[in-house]
>>> print(open('coords_15.cif').read())   # mmCIF, C-alpha atoms
data_coords
#
loop_
_atom_site.label_atom_id
_atom_site.label_comp_id
_atom_site.auth_asym_id
_atom_site.auth_seq_id
_atom_site.Cartn_x
_atom_site.Cartn_y
_atom_site.Cartn_z
CA MET A 1 161.88 160.34 136.94
CA LYS A 2 159.96 162.58 134.58
CA LYS A 3 156.24 161.94 134.61
CA THR A 4 154.87 161.09 131.17
CA ALA A 5 152.30 163.64 130.03
CA ARG A 6 148.92 162.08 129.45
CA GLY A 7 147.98 161.48 125.80
CA PHE A 8 145.12 163.17 123.99
CA LEU A 9 141.94 161.41 122.96
CA PHE A 10 140.77 162.53 119.50
CA ILE A 11 137.30 161.45 118.45
CA VAL A 12 136.72 161.33 114.71
CA SER A 13 132.98 161.23 114.29
CA GLY A 14 130.16 162.17 111.96
CA PRO A 15 127.23 160.83 109.97
CA SER A 16 127.28 157.38 108.43
CA GLY A 17 128.76 157.43 104.92
CA VAL A 18 130.79 160.57 105.45
CA GLY A 19 134.10 158.73 105.08
CA LYS A 20 135.34 158.74 108.67
CA GLY A 21 136.63 155.15 108.40
CA THR A 22 138.84 156.01 105.44
CA ILE A 23 140.11 159.13 107.20
CA ARG A 24 140.99 157.11 110.30
CA GLN A 25 142.87 154.52 108.21
CA GLU A 26 144.84 157.24 106.43
CA LEU A 27 145.78 158.95 109.70
CA LEU A 28 146.96 155.74 111.33
CA GLY A 29 148.78 154.61 108.19
CA ARG A 30 150.72 157.85 107.86
CA TYR A 31 151.52 158.92 111.40
CA GLY A 32 153.30 156.61 113.81
CA ASP A 33 152.54 158.83 116.79
CA LEU A 34 148.84 157.91 116.86
CA ASP A 35 147.17 154.85 118.30
CA TYR A 36 143.78 153.46 117.48
CA SER A 37 141.17 152.59 120.04
CA VAL A 38 140.01 149.12 119.06
CA SER A 39 136.26 148.57 119.60
CA ALA A 40 134.55 145.44 120.83
CA THR A 41 131.73 143.97 118.74
CA THR A 42 129.45 140.97 118.73
CA ARG A 43 129.31 140.81 114.94
CA LYS A 44 131.31 138.19 113.07
CA PRO A 45 134.65 139.20 111.51
CA ARG A 46 134.50 140.12 107.82
CA PRO A 47 137.17 138.59 105.53
CA GLY A 48 140.55 140.07 106.41
CA GLU A 49 139.52 141.58 109.73
CA VAL A 50 141.86 140.76 112.57
CA HIS A 51 140.87 140.29 116.23
CA GLY A 52 142.59 142.90 118.40
CA LYS A 53 143.43 145.08 115.41
CA ASP A 54 140.17 145.88 113.62
CA TYR A 55 137.91 144.83 116.49
CA PHE A 56 137.82 142.74 119.59
CA PHE A 57 135.35 140.10 118.43
CA VAL A 58 133.40 138.99 121.48
CA SER A 59 130.35 136.84 122.23
CA GLN A 60 126.97 138.22 123.33
CA GLU A 61 127.76 137.03 126.85
CA GLU A 62 131.14 138.73 126.93
CA PHE A 63 129.61 142.00 125.71
CA GLN A 64 126.88 141.87 128.36
CA GLU A 65 129.61 141.31 130.93
CA LEU A 66 131.41 144.48 129.75
CA LEU A 67 128.12 146.39 130.03
CA ARG A 68 127.42 145.08 133.53
CA ASN A 69 130.91 146.13 134.65
CA ASP A 70 130.49 149.62 133.18
CA ALA A 71 133.68 148.86 131.25
CA LEU A 72 132.65 150.64 128.05
CA LEU A 73 133.23 154.30 127.25
CA GLU A 74 130.29 154.15 124.86
CA TRP A 75 128.24 151.48 123.19
CA ALA A 76 125.48 151.07 120.64
CA LYS A 77 123.29 148.42 119.10
CA VAL A 78 123.34 148.63 115.32
CA TYR A 79 120.81 146.27 113.76
CA ASP A 80 121.44 143.02 115.62
CA HIS A 81 124.97 143.71 116.74
CA PHE A 82 126.54 145.44 119.69
CA TYR A 83 129.53 147.74 119.37
CA GLY A 84 131.44 149.39 122.22
CA THR A 85 134.69 151.02 123.26
CA PRO A 86 136.48 149.28 126.14
CA GLU A 87 137.54 152.05 128.51
CA GLN A 88 140.52 150.19 129.96
CA TYR A 89 142.19 149.83 126.57
CA VAL A 90 141.89 153.56 125.79
CA GLU A 91 142.93 154.47 129.32
CA SER A 92 146.11 152.36 129.10
CA LEU A 93 147.14 154.18 125.89
CA LEU A 94 146.46 157.65 127.32
CA THR A 95 148.28 156.89 130.57
CA ALA A 96 151.31 155.77 128.57
CA GLY A 97 151.28 159.23 126.97
CA LYS A 98 149.98 158.02 123.61
CA ASP A 99 147.57 160.06 121.54
CA CYS A 100 144.61 157.96 120.63
CA ILE A 101 142.02 158.09 117.85
CA LEU A 102 138.46 156.88 118.30
CA GLU A 103 136.28 156.60 115.21
CA ILE A 104 132.63 156.44 116.21
CA ASP A 105 129.17 157.73 115.36
CA VAL A 106 127.70 160.92 116.81
CA GLN A 107 125.78 159.31 119.67
CA GLY A 108 128.91 157.45 120.73
CA ALA A 109 131.05 160.58 120.57
CA LEU A 110 128.65 162.43 122.87
CA GLN A 111 128.68 159.51 125.32
CA VAL A 112 132.50 159.60 125.45
CA LYS A 113 132.53 163.35 125.94
CA ARG A 114 130.33 162.97 129.02
CA LYS A 115 132.75 160.42 130.49
CA LYS A 116 135.92 162.16 129.28
CA PRO A 117 135.21 165.89 128.85
CA GLU A 118 138.85 166.54 127.93
CA SER A 119 138.50 164.52 124.71
CA ILE A 120 138.67 166.46 121.46
CA LEU A 121 135.67 165.95 119.19
CA ILE A 122 136.07 166.34 115.44
CA PHE A 123 132.91 166.36 113.33
CA ILE A 124 133.43 165.08 109.80
CA ALA A 125 130.85 166.80 107.60
CA PRO A 126 129.84 165.91 104.05
CA PRO A 127 130.39 168.69 101.50
CA SER A 128 126.62 168.70 100.92
CA LYS A 129 123.47 166.69 101.59
CA GLU A 130 123.37 165.68 97.92
CA GLU A 131 126.91 164.32 98.04
CA LEU A 132 126.15 162.27 101.14
CA ILE A 133 123.11 160.71 99.41
CA ARG A 134 125.30 159.93 96.42
CA ARG A 135 127.91 158.24 98.62
CA ILE A 136 125.36 156.15 100.51
CA THR A 137 123.58 155.17 97.30
CA TYR A 138 126.88 154.27 95.68
CA ARG A 139 127.40 151.54 98.23
CA GLY A 140 124.29 149.96 96.67
CA THR A 141 123.35 148.24 99.90
CA GLU A 142 120.55 150.53 101.03
CA SER A 143 116.90 150.81 99.95
CA ARG A 144 115.25 154.15 99.21
CA ASP A 145 113.42 154.01 102.55
CA GLU A 146 116.67 153.28 104.35
CA ILE A 147 118.37 156.25 102.68
CA GLU A 148 115.48 158.54 103.68
CA LYS A 149 115.80 157.32 107.30
CA ARG A 150 119.55 157.88 107.22
CA MET A 151 119.20 161.43 105.94
CA GLN A 152 116.81 162.27 108.77
CA LYS A 153 119.36 160.83 111.18
CA VAL A 154 122.07 163.04 109.66
CA GLU A 155 119.98 166.15 110.27
CA GLY A 156 119.52 165.15 113.90
CA GLU A 157 123.24 164.47 114.27
CA THR A 158 124.24 167.81 112.76
CA GLN A 159 122.28 169.55 115.51
CA HIS A 160 124.95 168.32 117.94
CA LEU A 161 127.72 170.14 116.08
CA HIS A 162 128.02 172.78 118.83
CA GLU A 163 129.17 170.05 121.24
CA TYR A 164 132.15 169.36 118.99
CA ASN A 165 135.50 171.17 119.08
CA TYR A 166 136.21 171.05 115.35
CA ARG A 167 134.39 170.59 112.06
CA VAL A 168 136.20 169.23 109.02
CA VAL A 169 134.45 169.01 105.65
CA ASN A 170 135.35 165.83 103.79
CA GLU A 171 135.17 167.18 100.26
CA ASP A 172 138.71 166.14 99.39
CA LEU A 173 140.15 163.22 101.38
CA GLU A 174 143.69 164.60 101.27
CA LYS A 175 142.63 167.98 102.65
CA ALA A 176 140.45 166.40 105.32
CA VAL A 177 143.32 164.21 106.56
CA GLU A 178 145.67 167.21 106.57
CA SER A 179 143.18 169.28 108.53
CA ILE A 180 142.82 166.60 111.18
CA ARG A 181 146.59 166.20 111.34
CA ALA A 182 146.80 169.99 111.87
CA ILE A 183 144.22 169.78 114.67
CA ILE A 184 146.27 167.07 116.39
CA ILE A 185 149.50 169.12 116.17
CA ALA A 186 147.72 172.29 117.30
CA GLU A 187 146.13 170.60 120.32
CA ARG A 188 149.56 169.39 121.42
CA CYS A 189 150.67 173.06 121.46
CA ARG A 190 147.58 174.30 123.25
CA VAL A 191 148.11 176.15 126.53
CA ASN A 192 145.86 175.03 129.34
CA GLN A 193 144.05 178.28 129.88
CA SER A 194 142.78 179.02 133.33
CA LYS A 195 140.04 181.30 132.05
CA MET B 1 125.10 188.04 98.55
CA LYS B 2 127.06 185.81 100.89
CA LYS B 3 128.62 187.67 103.78
CA THR B 4 132.38 187.20 104.00
CA ALA B 5 133.39 185.49 107.23
CA ARG B 6 135.69 187.65 109.32
CA GLY B 7 139.37 186.70 109.19
CA PHE B 8 141.39 185.48 112.16
CA LEU B 9 144.06 187.52 113.91
CA PHE B 10 147.08 185.37 114.85
CA ILE B 11 149.63 186.94 117.15
CA VAL B 12 153.11 185.46 116.95
CA SER B 13 154.88 186.64 120.06
CA GLY B 14 157.57 185.75 122.53
CA PRO B 15 160.84 186.91 124.09
CA SER B 16 163.37 188.94 122.14
CA GLY B 17 165.83 186.69 120.29
CA VAL B 18 163.51 183.70 120.12
CA GLY B 19 163.26 183.85 116.32
CA LYS B 20 159.72 185.13 115.88
CA GLY B 21 160.74 187.45 113.02
CA THR B 22 162.18 184.57 111.00
CA ILE B 23 159.10 182.45 111.68
CA ARG B 24 156.83 185.26 110.51
CA GLN B 25 158.85 185.70 107.30
CA GLU B 26 158.70 181.96 106.57
CA LEU B 27 154.94 181.81 107.14
CA LEU B 28 154.25 184.78 104.88
CA GLY B 29 156.68 183.54 102.23
CA ARG B 30 155.11 180.10 102.05
CA TYR B 31 151.40 180.64 102.47
CA GLY B 32 149.48 183.02 100.25
CA ASP B 33 146.41 182.93 102.46
CA LEU B 34 148.02 185.00 105.23
CA ASP B 35 148.48 188.75 105.46
CA TYR B 36 150.92 190.66 107.60
CA SER B 37 149.96 193.50 109.87
CA VAL B 38 152.46 196.24 109.06
CA SER B 39 153.58 198.26 112.11
CA ALA B 40 154.25 201.97 112.32
CA THR B 41 157.59 203.13 113.68
CA THR B 42 159.50 206.34 114.23
CA ARG B 43 162.86 204.70 113.61
CA LYS B 44 164.67 205.22 110.32
CA PRO B 45 164.46 202.51 107.63
CA ARG B 46 167.35 200.03 107.55
CA PRO B 47 168.86 199.26 104.14
CA GLY B 48 166.35 197.29 102.08
CA GLU B 49 163.34 198.03 104.26
CA VAL B 50 160.31 199.21 102.34
CA HIS B 51 157.70 201.70 103.62
CA GLY B 52 154.27 200.04 103.75
CA LYS B 53 155.77 196.56 103.56
CA ASP B 54 158.24 196.20 106.43
CA TYR B 55 156.96 199.19 108.38
CA PHE B 56 155.07 202.40 107.98
CA PHE B 57 157.91 204.84 108.67
CA VAL B 58 156.38 207.87 110.36
CA SER B 59 157.63 211.02 112.09
CA GLN B 60 157.43 211.61 115.84
CA GLU B 61 154.53 213.98 115.19
CA GLU B 62 152.63 211.47 113.10
CA PHE B 63 153.10 208.80 115.77
CA GLN B 64 151.86 211.12 118.52
CA GLU B 65 148.84 211.85 116.33
CA LEU B 66 148.08 208.09 116.08
CA LEU B 67 148.35 207.85 119.87
CA ARG B 68 146.05 210.84 120.45
CA ASN B 69 143.45 209.31 118.13
CA ASP B 70 143.63 205.93 119.90
CA ALA B 71 144.41 204.51 116.46
CA LEU B 72 146.91 201.89 117.66
CA LEU B 73 146.07 198.34 118.76
CA GLU B 74 149.27 198.36 120.80
CA TRP B 75 152.40 200.42 121.01
CA ALA B 76 155.74 200.49 122.78
CA LYS B 77 158.80 202.65 123.13
CA VAL B 78 161.98 200.65 122.56
CA TYR B 79 165.09 202.68 123.34
CA ASP B 80 164.40 205.99 121.57
CA HIS B 81 161.90 204.75 119.04
CA PHE B 82 158.17 204.21 119.02
CA TYR B 83 156.54 201.15 117.48
CA GLY B 84 152.81 200.53 117.12
CA THR B 85 150.14 198.58 115.26
CA PRO B 86 147.62 200.73 113.38
CA GLU B 87 144.20 199.27 114.18
CA GLN B 88 142.52 200.41 110.98
CA TYR B 89 144.95 198.50 108.78
CA VAL B 90 144.41 195.22 110.68
CA GLU B 91 140.67 195.81 110.82
CA SER B 92 140.45 196.29 107.04
CA LEU B 93 142.20 192.93 106.47
CA LEU B 94 139.98 191.06 108.96
CA THR B 95 136.77 192.59 107.58
CA ALA B 96 137.81 191.48 104.09
CA GLY B 97 137.97 187.93 105.49
CA LYS B 98 141.75 187.75 105.45
CA ASP B 99 143.70 185.96 108.16
CA CYS B 100 146.30 188.26 109.56
CA ILE B 101 149.61 187.73 111.38
CA LEU B 102 150.94 190.16 113.93
CA GLU B 103 154.50 189.67 115.17
CA ILE B 104 155.05 191.55 118.42
CA ASP B 105 156.58 191.31 121.86
CA VAL B 106 154.75 189.95 124.88
CA GLN B 107 153.56 193.29 126.27
CA GLY B 108 152.15 194.20 122.85
CA ALA B 109 150.41 190.85 122.49
CA LEU B 110 148.66 191.31 125.82
CA GLN B 111 147.56 194.82 124.83
CA VAL B 112 146.02 193.48 121.60
CA LYS B 113 144.26 190.69 123.46
CA ARG B 114 142.56 193.23 125.70
CA LYS B 115 141.28 195.14 122.65
CA LYS B 116 140.55 192.05 120.52
CA PRO B 117 139.89 189.10 122.84
CA GLU B 118 139.10 186.86 119.86
CA SER B 119 142.71 187.06 118.63
CA ILE B 120 144.76 183.86 118.85
CA LEU B 121 147.99 184.24 120.82
CA ILE B 122 150.94 182.00 120.02
CA PHE B 123 153.92 182.08 122.39
CA ILE B 124 157.23 181.24 120.73
CA ALA B 125 159.44 179.70 123.40
CA PRO B 126 163.19 179.07 123.24
CA PRO B 127 164.19 175.41 123.65
CA SER B 128 166.04 176.44 126.81
CA LYS B 129 167.31 179.49 128.68
CA GLU B 130 170.88 178.57 127.67
CA GLU B 131 169.98 178.46 124.00
CA LEU B 132 168.31 181.88 124.21
CA ILE B 133 171.45 183.39 125.79
CA ARG B 134 173.50 181.79 123.02
CA ARG B 135 171.27 183.30 120.34
CA ILE B 136 171.30 186.78 121.87
CA THR B 137 175.08 186.67 122.38
CA TYR B 138 175.59 185.44 118.83
CA ARG B 139 174.16 188.69 117.52
CA GLY B 140 177.17 190.30 119.19
CA THR B 141 175.39 193.56 119.75
CA GLU B 142 174.62 193.23 123.46
CA SER B 143 176.78 193.76 126.54
CA ARG B 144 176.85 191.30 129.44
CA ASP B 145 174.67 193.64 131.50
CA GLU B 146 172.23 193.97 128.66
CA ILE B 147 171.98 190.18 128.33
CA GLU B 148 171.34 189.83 132.07
CA LYS B 149 168.54 192.41 131.83
CA ARG B 150 167.04 190.62 128.84
CA MET B 151 167.02 187.28 130.63
CA GLN B 152 165.16 188.80 133.56
CA LYS B 153 162.66 190.23 131.09
CA VAL B 154 162.20 186.77 129.54
CA GLU B 155 161.34 185.29 132.91
CA GLY B 156 158.74 188.01 133.45
CA GLU B 157 157.30 187.42 129.99
CA THR B 158 157.06 183.66 130.47
CA GLN B 159 154.79 184.26 133.44
CA HIS B 160 152.15 185.49 130.98
CA LEU B 161 152.10 182.15 129.15
CA HIS B 162 148.69 181.26 130.62
CA GLU B 163 147.17 184.20 128.73
CA TYR B 164 148.25 182.63 125.44
CA ASN B 165 146.31 180.06 123.43
CA TYR B 166 149.31 178.11 122.13
CA ARG B 167 152.97 177.55 122.91
CA VAL B 168 155.42 176.55 120.18
CA VAL B 169 159.04 175.74 121.02
CA ASN B 170 161.43 177.09 118.39
CA GLU B 171 164.05 174.37 118.59
CA ASP B 172 163.88 173.56 114.90
CA LEU B 173 162.66 176.37 112.60
CA GLU B 174 160.97 173.97 110.18
CA LYS B 175 158.99 172.27 112.94
CA ALA B 176 158.04 175.58 114.54
CA VAL B 177 156.70 176.94 111.23
CA GLU B 178 154.77 173.70 110.63
CA SER B 179 153.26 173.84 114.10
CA ILE B 180 152.05 177.39 113.58
CA ARG B 181 150.68 176.47 110.17
CA ALA B 182 148.82 173.60 111.89
CA ILE B 183 147.43 176.00 114.50
CA ILE B 184 146.14 178.29 111.73
CA ILE B 185 144.43 175.41 109.87
CA ALA B 186 142.99 174.02 113.12
CA GLU B 187 141.57 177.38 114.21
CA ARG B 188 139.79 177.67 110.87
CA CYS B 189 138.06 174.33 111.64
CA ARG B 190 137.20 175.28 115.21
CA VAL B 191 133.53 175.15 116.20
CA ASN B 192 132.34 178.20 118.08
CA GLN B 193 131.40 176.46 121.28
CA SER B 194 128.62 177.97 123.33
CA LYS B 195 129.96 176.48 126.53
#
>>> encode(input="coords_15.cif", output="structure tokens")
Amino acid sequence: MKKTARGFLFIVSGPSGVGKGTIRQELLGRYGDLDYSVSATTRKPRPGEVHGKDYFFVSQEEFQELLRNDALLEWAKVYDHFYGTPEQYVESLLTAGKDCILEIDVQGALQVKRKKPESILIFIAPPSKEELIRRITYRGTESRDEIEKRMQKVEGETQHLHEYNYRVVNEDLEKAVESIRAIIIAERCRVNQSK
Amino acid sequence: MKKTARGFLFIVSGPSGVGKGTIRQELLGRYGDLDYSVSATTRKPRPGEVHGKDYFFVSQEEFQELLRNDALLEWAKVYDHFYGTPEQYVESLLTAGKDCILEIDVQGALQVKRKKPESILIFIAPPSKEELIRRITYRGTESRDEIEKRMQKVEGETQHLHEYNYRVVNEDLEKAVESIRAIIIAERCRVNQSK
């Protein structure tokens, strides 16, 4: 019996507001050969969100249990809620030979890379600082102070760019999605170089 | 003034008969952002071939002069004719920020990699040994002995696969061209990793 080649783990990551969620949705909607790593969270489902598809919605106790069992590839507390990536779920996809997309923030991506150094990190960058401010402001949910804090965070995050494999500028959604698709195809062709 | 980023050198290479010439033509025909590294040769032009476009057609003396001046990135003698890649031509394209495609055999690709380690080597592989024999035989220009010799050469060449960055199977021309296009786009997004 032929052994199934292990799948690739692609991490789509970048500053908040850069559009990585939209990019992930487009990729999964268009290409049937990609799976999505569903995260666990303690926050309540928003209208339309489906358990096991958008998130695994879990209780505080269940999340603490995952933490205690070191069952998360990465996790973070954002405001009052916990978010994390169950390792077993990702691992089952990769073992079955499926390529998997993880969409997480920069800190999370670096955590995953430490646990799975073979994962491929893609940094989604805004076309400019000004454009990122515009996008965050457009949401209308953030105060001026909050935006200032976010921008400082972005500068800190960008300093980790050298730990990423690829950088894709999200100026035009279509081009960004195409670039990531190209990265996925290219990585599948990559020769495992011994040097 | 903004400094132009240096272009990438993509080397499309692989065994004789694998279809790398067709792939190169398709890439250059479809994508205006790629340039072709024109080779020098001592063989006579075939009908339709244009000097400076298909090849630089040079005399034996001119070729020896290029060799003496170490002006070739790689060269080979095939039957009675010399073939080589003038370094200055490629260098002028790369310096101007243009991405450049070189289509050469395996020995040539390895020579270029020694001189320009930053070049990206793409190995075009036949779907199977049987299919490669079929393609070579189909040309109708080779004797049985010649085919046997070629197949041995292919096996030797395949042992250099680990020196390549990518491997693309040319089972379906369309898919092969798309994969190489993906590799080119991906490499442009690649982060220069310090580790």
>>> calpha_fit_and_write(input="coords_15.cif", fixed="chain A", moving="chain B", output="compact mmCIF listing (two decimals) with C-alpha atoms, in the frame of the given file")
# COMPACT_ATOMS: atom_id res chain seq x y z
CA MET B 1 161.93 160.40 136.91
CA LYS B 2 159.98 162.61 134.56
CA LYS B 3 156.26 161.94 134.60
CA THR B 4 154.86 161.09 131.18
CA ALA B 5 152.30 163.65 130.04
CA ARG B 6 148.90 162.09 129.45
CA GLY B 7 148.00 161.49 125.81
CA PHE B 8 145.13 163.18 123.99
CA LEU B 9 141.93 161.42 122.97
CA PHE B 10 140.76 162.53 119.50
CA ILE B 11 137.30 161.46 118.45
CA VAL B 12 136.72 161.33 114.71
CA SER B 13 132.97 161.23 114.28
CA GLY B 14 130.17 162.17 111.96
CA PRO B 15 127.22 160.82 109.97
CA SER B 16 127.27 157.37 108.43
CA GLY B 17 128.76 157.43 104.92
CA VAL B 18 130.79 160.58 105.45
CA GLY B 19 134.11 158.74 105.09
CA LYS B 20 135.34 158.75 108.68
CA GLY B 21 136.62 155.16 108.42
CA THR B 22 138.85 156.01 105.45
CA ILE B 23 140.13 159.13 107.21
CA ARG B 24 140.98 157.11 110.31
CA GLN B 25 142.86 154.52 108.23
CA GLU B 26 144.85 157.23 106.44
CA LEU B 27 145.79 158.95 109.71
CA LEU B 28 146.95 155.73 111.34
CA GLY B 29 148.78 154.61 108.20
CA ARG B 30 150.71 157.85 107.87
CA TYR B 31 151.52 158.93 111.40
CA GLY B 32 153.30 156.63 113.81
CA ASP B 33 152.55 158.84 116.79
CA LEU B 34 148.85 157.92 116.87
CA ASP B 35 147.17 154.85 118.30
CA TYR B 36 143.77 153.47 117.48
CA SER B 37 141.17 152.60 120.06
CA VAL B 38 140.00 149.12 119.08
CA SER B 39 136.25 148.55 119.60
CA ALA B 40 134.53 145.42 120.84
CA THR B 41 131.73 143.96 118.75
CA THR B 42 129.44 140.96 118.74
CA ARG B 43 129.32 140.80 114.95
CA LYS B 44 131.31 138.17 113.08
CA PRO B 45 134.66 139.15 111.51
CA ARG B 46 134.53 140.09 107.82
CA PRO B 47 137.19 138.55 105.56
CA GLY B 48 140.58 140.05 106.43
CA GLU B 49 139.54 141.55 109.75
CA VAL B 50 141.89 140.76 112.59
CA HIS B 51 140.87 140.28 116.25
CA GLY B 52 142.59 142.90 118.43
CA LYS B 53 143.42 145.08 115.44
CA ASP B 54 140.17 145.86 113.63
CA TYR B 55 137.91 144.83 116.50
CA PHE B 56 137.82 142.72 119.60
CA PHE B 57 135.34 140.08 118.44
CA VAL B 58 133.38 138.99 121.50
CA SER B 59 130.33 136.83 122.22
CA GLN B 60 126.96 138.21 123.32
CA GLU B 61 127.76 137.02 126.84
CA GLU B 62 131.13 138.72 126.92
CA PHE B 63 129.59 141.97 125.69
CA GLN B 64 126.86 141.85 128.34
CA GLU B 65 129.60 141.29 130.92
CA LEU B 66 131.41 144.46 129.73
CA LEU B 67 128.12 146.37 130.03
CA ARG B 68 127.42 145.05 133.54
CA ASN B 69 130.90 146.09 134.65
CA ASP B 70 130.49 149.59 133.18
CA ALA B 71 133.67 148.83 131.24
CA LEU B 72 132.63 150.62 128.04
CA LEU B 73 133.23 154.30 127.25
CA GLU B 74 130.29 154.13 124.85
CA TRP B 75 128.25 151.46 123.18
CA ALA B 76 125.48 151.07 120.64
CA LYS B 77 123.30 148.41 119.10
CA VAL B 78 123.33 148.63 115.30
CA TYR B 79 120.81 146.26 113.73
CA ASP B 80 121.43 143.00 115.61
CA HIS B 81 124.96 143.68 116.73
CA PHE B 82 126.53 145.42 119.68
CA TYR B 83 129.53 147.73 119.36
CA GLY B 84 131.42 149.38 122.21
CA THR B 85 134.68 151.01 123.26
CA PRO B 86 136.47 149.27 126.14
CA GLU B 87 137.54 152.04 128.52
CA GLN B 88 140.52 150.19 129.96
CA TYR B 89 142.20 149.82 126.58
CA VAL B 90 141.90 153.56 125.80
CA GLU B 91 142.94 154.47 129.33
CA SER B 92 146.11 152.36 129.10
CA LEU B 93 147.14 154.18 125.89
CA LEU B 94 146.46 157.66 127.33
CA THR B 95 148.29 156.90 130.59
CA ALA B 96 151.30 155.77 128.57
CA GLY B 97 151.28 159.24 126.97
CA LYS B 98 149.99 158.03 123.62
CA ASP B 99 147.57 160.07 121.55
CA CYS B 100 144.61 157.96 120.65
CA ILE B 101 142.01 158.09 117.86
CA LEU B 102 138.47 156.87 118.31
CA GLU B 103 136.27 156.60 115.22
CA ILE B 104 132.61 156.44 116.21
CA ASP B 105 129.17 157.73 115.36
CA VAL B 106 127.71 160.90 116.80
CA GLN B 107 125.78 159.30 119.66
CA GLY B 108 128.93 157.43 120.73
CA ALA B 109 131.04 160.58 120.56
CA LEU B 110 128.65 162.41 122.86
CA GLN B 111 128.68 159.50 125.32
CA VAL B 112 132.50 159.59 125.45
CA LYS B 113 132.51 163.34 125.95
CA ARG B 114 130.31 162.96 129.01
CA LYS B 115 132.74 160.42 130.51
CA LYS B 116 135.93 162.16 129.29
CA PRO B 117 135.20 165.87 128.84
CA GLU B 118 138.84 166.54 127.94
CA SER B 119 138.51 164.51 124.72
CA ILE B 120 138.69 166.47 121.46
CA LEU B 121 135.68 165.96 119.19
CA ILE B 122 136.07 166.34 115.45
CA PHE B 123 132.91 166.35 113.32
CA ILE B 124 133.42 165.07 109.79
CA ALA B 125 130.85 166.80 107.60
CA PRO B 126 129.84 165.90 104.04
CA PRO B 127 130.39 168.69 101.50
CA SER B 128 126.63 168.71 100.94
CA LYS B 129 123.49 166.70 101.63
CA GLU B 130 123.38 165.70 97.94
CA GLU B 131 126.91 164.36 98.04
CA LEU B 132 126.15 162.29 101.15
CA ILE B 133 123.11 160.72 99.44
CA ARG B 134 125.31 159.97 96.43
CA ARG B 135 127.91 158.26 98.62
CA ILE B 136 125.36 156.18 100.52
CA THR B 137 123.58 155.17 97.30
CA TYR B 138 126.88 154.29 95.66
CA ARG B 139 127.40 151.56 98.23
CA GLY B 140 124.30 149.99 96.69
CA THR B 141 123.33 148.26 99.88
CA GLU B 142 120.52 150.56 101.02
CA SER B 143 116.89 150.84 99.94
CA ARG B 144 115.22 154.18 99.20
CA ASP B 145 113.42 154.04 102.55
CA GLU B 146 116.65 153.29 104.32
CA ILE B 147 118.35 156.27 102.67
CA GLU B 148 115.48 158.56 103.69
CA LYS B 149 115.81 157.36 107.30
CA ARG B 150 119.56 157.91 107.22
CA MET B 151 119.19 161.45 105.94
CA GLN B 152 116.81 162.28 108.77
CA LYS B 153 119.36 160.84 111.19
CA VAL B 154 122.07 163.05 109.66
CA GLU B 155 120.00 166.15 110.27
CA GLY B 156 119.53 165.13 113.90
CA GLU B 157 123.25 164.47 114.27
CA THR B 158 124.24 167.81 112.76
CA GLN B 159 122.29 169.55 115.51
CA HIS B 160 124.95 168.32 117.95
CA LEU B 161 127.72 170.16 116.08
CA HIS B 162 128.00 172.78 118.84
CA GLU B 163 129.16 170.05 121.23
CA TYR B 164 132.16 169.36 118.99
CA ASN B 165 135.50 171.16 119.09
CA TYR B 166 136.20 171.06 115.35
CA ARG B 167 134.39 170.58 112.06
CA VAL B 168 136.20 169.23 109.01
CA VAL B 169 134.43 169.00 105.64
CA ASN B 170 135.36 165.81 103.78
CA GLU B 171 135.17 167.17 100.26
CA ASP B 172 138.70 166.13 99.39
CA LEU B 173 140.15 163.21 101.39
CA GLU B 174 143.70 164.58 101.28
CA LYS B 175 142.63 167.97 102.64
CA ALA B 176 140.44 166.40 105.32
CA VAL B 177 143.31 164.20 106.56
CA GLU B 178 145.67 167.21 106.57
CA SER B 179 143.18 169.28 108.53
CA ILE B 180 142.83 166.60 111.18
CA ARG B 181 146.59 166.20 111.34
CA ALA B 182 146.79 169.99 111.86
CA ILE B 183 144.21 169.79 114.65
CA ILE B 184 146.27 167.08 116.38
CA ILE B 185 149.51 169.12 116.16
CA ALA B 186 147.72 172.30 117.29
CA GLU B 187 146.12 170.61 120.31
CA ARG B 188 149.55 169.42 121.41
CA CYS B 189 150.69 173.09 121.43
CA ARG B 190 147.59 174.32 123.24
CA VAL B 191 148.12 176.20 126.50
CA ASN B 192 145.87 175.05 129.31
CA GLN B 193 144.06 178.31 129.83
CA SER B 194 142.78 179.05 133.30
CA LYS B 195 140.05 181.30 131.98
>>> closest_atom_pairs(input="coords_15.cif", of="chain A", to="chain B", cutoff="7 Å", atoms="all atoms listed in the file", output="CSV")
residue,atom,partner,partner_atom,distance
A:His162,CA,B:Gln193,CA,5.6
A:Glu163,CA,B:Gln193,CA,6.8
A:Tyr164,CA,B:Val191,CA,6.6
A:Asn165,CA,B:Val191,CA,5.3
A:Tyr166,CA,B:Arg190,CA,4.3
A:Arg167,CA,B:Cys189,CA,5.3
A:Val168,CA,B:Cys189,CA,6.0
A:Ser179,CA,B:Ile185,CA,6.4
A:Ala182,CA,B:Ala182,CA,4.1
A:Ile183,CA,B:Ala186,CA,4.7
A:Ile185,CA,B:Ala182,CA,6.2
A:Ala186,CA,B:Ile183,CA,4.7
A:Cys189,CA,B:Arg167,CA,5.2
A:Arg190,CA,B:Tyr166,CA,4.3
A:Val191,CA,B:Tyr166,CA,5.0
A:Asn192,CA,B:His162,CA,7.0
A:Gln193,CA,B:His162,CA,5.6
A:Ser194,CA,B:His162,CA,6.9
>>> atom_distance(input="coords_15.cif", atom1="atom CA of Ile147 of chain A", atom2="atom CA of Gly108 of chain A")
20.9 Å
>>> atom_distance(input="coords_15.cif", atom1="atom CA of Asp54 of chain A", atom2="atom CA of Thr95 of chain A")
21.8 Å
